[in-house]
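*Asks:* Quick one: structure below, then a few questions.
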Amino acid sequence: MLPQAARMRDGDEFRRTIRRGASASTSTLVTHLALTDEPDVRVGLVVGKKVGNAVVRNRVKRRIRHALRDELATLPQGARVVVRALAPAAHSTDLAADAVGSLRRAERRTTAARV
């Protein structure tokens with residue numbers, strides 16, 4: 001589970017991250033990563049009704065949070081991450097690998113854009 005301080009809750013923060021951040025996608029997830037001047041790292045999840053009913057959506061969120069928990073320490077300071085689950089995420093057996101892989105690709109694109 002992600003710590004409370006690492007969770008993104010503000011809608012404006014979600015929008016800024018999606019608009020300004022670098023993105024990477026897989027067949028199950030789309031990950032947006034933006035860098036800010038803030039000292040902490042925050043992660044937000046978007047799991048819509050197309051993924052499934054409430055039980056399925058919550059299971060997908062738990063699986064993504066669990067996969068990203070250990071990755072927080074490796075992200076640059078001030079990183080804002082939004083992970084949007086697509087419909088195939090409900091039945092994916094490699095959701096954790098997709099989450100980490102798309103995060104790493106978005107991170108490479110962000111650092112390439114800053115240089």
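In the structure tokens, each chain is lettered A, B, ... as it comes, each chain's residues begin at 1, and ligands are numbered from 1 in order of appearance.
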From the DSSP assignment of the backbone, select every residue of chain A that is strand (DSSP E or B), and format the answer as a PDB file with N, CA, C and O atoms, in the first residue's frame.
*Replies:*
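Ended up saving to part02.pdb:
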ATOM      1  N   ARG A   7      -0.028   9.803  -1.944  1.00  0.00           N
ATOM      2  CA  ARG A   7      -1.212   9.689  -2.791  1.00  0.00           C
ATOM      3  C   ARG A   7      -1.664  11.055  -3.296  1.00  0.00           C
ATOM      4  O   ARG A   7      -1.736  12.014  -2.547  1.00  0.00           O
ATOM      5  N   ALA A  22       5.276  13.390 -19.373  1.00  0.00           N
ATOM      6  CA  ALA A  22       5.579  12.426 -20.435  1.00  0.00           C
ATOM      7  C   ALA A  22       4.735  11.190 -20.190  1.00  0.00           C
ATOM      8  O   ALA A  22       4.464  10.830 -19.047  1.00  0.00           O
ATOM      9  N   SER A  23       4.310  10.547 -21.264  1.00  0.00           N
ATOM     10  CA  SER A  23       3.458   9.376 -21.078  1.00  0.00           C
ATOM     11  C   SER A  23       4.063   8.157 -21.756  1.00  0.00           C
ATOM     12  O   SER A  23       4.846   8.265 -22.692  1.00  0.00           O
ATOM     13  N   ALA A  24       3.675   7.009 -21.233  1.00  0.00           N
ATOM     14  CA  ALA A  24       4.052   5.724 -21.812  1.00  0.00           C
ATOM     15  C   ALA A  24       2.876   4.791 -21.578  1.00  0.00           C
ATOM     16  O   ALA A  24       2.178   4.898 -20.570  1.00  0.00           O
ATOM     17  N   SER A  25       2.647   3.889 -22.522  1.00  0.00           N
ATOM     18  CA  SER A  25       1.485   3.025 -22.371  1.00  0.00           C
ATOM     19  C   SER A  25       1.813   1.577 -22.685  1.00  0.00           C
ATOM     20  O   SER A  25       2.792   1.269 -23.360  1.00  0.00           O
ATOM     21  N   LEU A  29      -2.289  -0.248 -19.346  1.00  0.00           N
ATOM     22  CA  LEU A  29      -2.100   0.974 -18.559  1.00  0.00           C
ATOM     23  C   LEU A  29      -1.545   2.112 -19.404  1.00  0.00           C
ATOM     24  O   LEU A  29      -0.832   1.884 -20.374  1.00  0.00           O
ATOM     25  N   VAL A  30      -1.851   3.331 -18.974  1.00  0.00           N
ATOM     26  CA  VAL A  30      -1.204   4.530 -19.505  1.00  0.00           C
ATOM     27  C   VAL A  30      -0.629   5.270 -18.303  1.00  0.00           C
ATOM     28  O   VAL A  30      -1.340   5.528 -17.329  1.00  0.00           O
ATOM     29  N   THR A  31       0.658   5.564 -18.350  1.00  0.00           N
ATOM     30  CA  THR A  31       1.331   6.213 -17.231  1.00  0.00           C
ATOM     31  C   THR A  31       1.823   7.585 -17.657  1.00  0.00           C
ATOM     32  O   THR A  31       2.462   7.724 -18.703  1.00  0.00           O
ATOM     33  N   HIS A  32       1.521   8.598 -16.854  1.00  0.00           N
ATOM     34  CA  HIS A  32       1.975   9.963 -17.082  1.00  0.00           C
ATOM     35  C   HIS A  32       2.919  10.330 -15.944  1.00  0.00           C
ATOM     36  O   HIS A  32       2.597  10.084 -14.774  1.00  0.00           O
ATOM     37  N   LEU A  33       4.044  10.946 -16.275  1.00  0.00           N
ATOM     38  CA  LEU A  33       5.033  11.340 -15.274  1.00  0.00           C
ATOM     39  C   LEU A  33       5.451  12.772 -15.526  1.00  0.00           C
ATOM     40  O   LEU A  33       5.870  13.115 -16.637  1.00  0.00           O
ATOM     41  N   ALA A  34       5.315  13.613 -14.505  1.00  0.00           N
ATOM     42  CA  ALA A  34       5.741  15.011 -14.589  1.00  0.00           C
ATOM     43  C   ALA A  34       6.641  15.316 -13.403  1.00  0.00           C
ATOM     44  O   ALA A  34       6.472  14.748 -12.323  1.00  0.00           O
ATOM     45  N   LEU A  35       7.585  16.215 -13.607  1.00  0.00           N
ATOM     46  CA  LEU A  35       8.480  16.619 -12.530  1.00  0.00           C
ATOM     47  C   LEU A  35       8.105  18.018 -12.055  1.00  0.00           C
ATOM     48  O   LEU A  35       7.837  18.900 -12.866  1.00  0.00           O
ATOM     49  N   ARG A  42       4.389  11.851  -5.574  1.00  0.00           N
ATOM     50  CA  ARG A  42       2.971  11.504  -5.426  1.00  0.00           C
ATOM     51  C   ARG A  42       2.497  10.684  -6.605  1.00  0.00           C
ATOM     52  O   ARG A  42       2.924  10.903  -7.734  1.00  0.00           O
ATOM     53  N   VAL A  43       1.578   9.764  -6.298  1.00  0.00           N
ATOM     54  CA  VAL A  43       1.023   8.862  -7.307  1.00  0.00           C
ATOM     55  C   VAL A  43      -0.494   8.934  -7.248  1.00  0.00           C
ATOM     56  O   VAL A  43      -1.083   8.930  -6.164  1.00  0.00           O
ATOM     57  N   GLY A  44      -1.123   9.004  -8.426  1.00  0.00           N
ATOM     58  CA  GLY A  44      -2.576   8.979  -8.517  1.00  0.00           C
ATOM     59  C   GLY A  44      -3.015   7.898  -9.481  1.00  0.00           C
ATOM     60  O   GLY A  44      -2.335   7.613 -10.464  1.00  0.00           O
ATOM     61  N   LEU A  45      -4.139   7.267  -9.181  1.00  0.00           N
ATOM     62  CA  LEU A  45      -4.668   6.199 -10.021  1.00  0.00           C
ATOM     63  C   LEU A  45      -6.016   6.597 -10.587  1.00  0.00           C
ATOM     64  O   LEU A  45      -6.827   7.202  -9.883  1.00  0.00           O
ATOM     65  N   VAL A  46      -6.253   6.237 -11.843  1.00  0.00           N
ATOM     66  CA  VAL A  46      -7.531   6.460 -12.491  1.00  0.00           C
ATOM     67  C   VAL A  46      -7.990   5.109 -13.025  1.00  0.00           C
ATOM     68  O   VAL A  46      -7.357   4.542 -13.916  1.00  0.00           O
ATOM     69  N   VAL A  47      -9.074   4.606 -12.438  1.00  0.00           N
ATOM     70  CA  VAL A  47      -9.621   3.312 -12.861  1.00  0.00           C
ATOM     71  C   VAL A  47     -11.111   3.525 -13.088  1.00  0.00           C
ATOM     72  O   VAL A  47     -11.881   3.620 -12.141  1.00  0.00           O
ATOM     73  N   ALA A  79       8.472  14.070  -8.340  1.00  0.00           N
ATOM     74  CA  ALA A  79       7.769  13.372  -9.420  1.00  0.00           C
ATOM     75  C   ALA A  79       6.285  13.255  -9.110  1.00  0.00           C
ATOM     76  O   ALA A  79       5.887  13.025  -7.968  1.00  0.00           O
ATOM     77  N   ARG A  80       5.479  13.433 -10.131  1.00  0.00           N
ATOM     78  CA  ARG A  80       4.028  13.234 -10.038  1.00  0.00           C
ATOM     79  C   ARG A  80       3.681  12.178 -11.076  1.00  0.00           C
ATOM     80  O   ARG A  80       4.003  12.332 -12.258  1.00  0.00           O
ATOM     81  N   VAL A  81       3.023  11.113 -10.642  1.00  0.00           N
ATOM     82  CA  VAL A  81       2.707   9.998 -11.516  1.00  0.00           C
ATOM     83  C   VAL A  81       1.204   9.769 -11.506  1.00  0.00           C
ATOM     84  O   VAL A  81       0.587   9.703 -10.446  1.00  0.00           O
ATOM     85  N   VAL A  82       0.609   9.658 -12.690  1.00  0.00           N
ATOM     86  CA  VAL A  82      -0.792   9.276 -12.820  1.00  0.00           C
ATOM     87  C   VAL A  82      -0.819   8.012 -13.671  1.00  0.00           C
ATOM     88  O   VAL A  82      -0.291   7.988 -14.775  1.00  0.00           O
ATOM     89  N   VAL A  83      -1.435   6.967 -13.125  1.00  0.00           N
ATOM     90  CA  VAL A  83      -1.569   5.701 -13.836  1.00  0.00           C
ATOM     91  C   VAL A  83      -3.048   5.505 -14.137  1.00  0.00           C
ATOM     92  O   VAL A  83      -3.868   5.487 -13.228  1.00  0.00           O
ATOM     93  N   ARG A  84      -3.370   5.377 -15.426  1.00  0.00           N
ATOM     94  CA  ARG A  84      -4.753   5.158 -15.853  1.00  0.00           C
ATOM     95  C   ARG A  84      -4.887   3.735 -16.362  1.00  0.00           C
ATOM     96  O   ARG A  84      -4.163   3.309 -17.262  1.00  0.00           O
ATOM     97  N   ALA A  85      -5.797   2.990 -15.739  1.00  0.00           N
ATOM     98  CA  ALA A  85      -6.016   1.602 -16.137  1.00  0.00           C
ATOM     99  C   ALA A  85      -6.996   1.544 -17.301  1.00  0.00           C
ATOM    100  O   ALA A  85      -8.007   2.236 -17.319  1.00  0.00           O
TER     101      ALA A  85
END
*Asks:* Which residues in chain A does DSSP call helix (DSSP H, G or I)? List them as a PyMOL selection string.
*Replies:* chain A and resi 4-6+11-20+54-69+72-74+87-91+95-114
*Asks:* Could you work out how far CA of Arg65 (chain A) lies from CA of Asp37 (chain A), giving the answer in Å with one decimal?
*Replies:*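 CA of Arg65 (chain A) lies at a distance of 23.6 Å from CA of Asp37 (chain A).
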*Asks:* Rank A:Gly21, A:Ala5, A:Arg16, A:Asp40 by their smallest atom-to-atom distance to Leu75 (chain A), using only C-alpha atoms, and report the top residue only.
*Replies:*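 When distances to Leu75 (chain A) are compared using only C-alpha atoms, the smallest one comes from A:Asp40.
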*Asks:* Given the choices A:Gln77, A:Gln4, A:Thr93, A:Asn53, which gets closest to Glu38 (chain A) if the distance is worked out from only C-alpha atoms?
*Replies:*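 That would be A:Gln77, the residue with the smallest distance to Glu38 (chain A).
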*Asks:* With a distance cut-off of 9 Å and only C-alpha atoms, select the neighbouring residues of Arg62 (chain A), excluding the residue or stretch itself and same-chain residues fewer than 5 positions from it, and output the selection as a list in words.
*Replies:*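 The filter keeps Met1, Arg57 and Ala67 of chain A.
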*Asks:* Could you write those residues out with C-alpha atoms, as a CSV table (one decimal), in the first residue's frame?
*Replies:*
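The resulting result20.csv:
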chain,number,residue,atom,x,y,z
A,1,MET,CA,0.0,0.0,0.0
A,57,ARG,CA,-11.8,-1.8,-10.0
A,67,ALA,CA,3.5,-2.7,-7.8
*Asks:* Using only C-alpha atoms, which of A:Asp70, A:Lys49, A:Ala106, A:Gly101 sits nearest Ala6 (chain A)?
*Replies:*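 Among A:Asp70, A:Lys49, A:Ala106, A:Gly101, it is A:Asp70 that comes nearest to Ala6 (chain A).
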*Asks:* Which is closer to Ser92 (chain A) than all the others in A:Asn58, A:Thr28, A:Thr111, A:Thr17, using only C-alpha atoms?
*Replies:*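 Smallest distance to Ser92 (chain A) is found for A:Thr28.
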*Asks:* Suppose you want the space between CA of Arg19 (chain A) and CA of Arg109 (chain A); what is it in Å?
*Replies:*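 Distance between the two atoms: 14.5 Å.
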*Asks:* Using only C-alpha atoms, can you tell me which of A:Thr26, A:Pro39, A:Ile64, A:Gly11 comes closest to Arg105 (chain A)?
*Replies:*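 Of A:Thr26, A:Pro39, A:Ile64, A:Gly11, the one nearest Arg105 (chain A) is A:Thr26, counting only C-alpha atoms.
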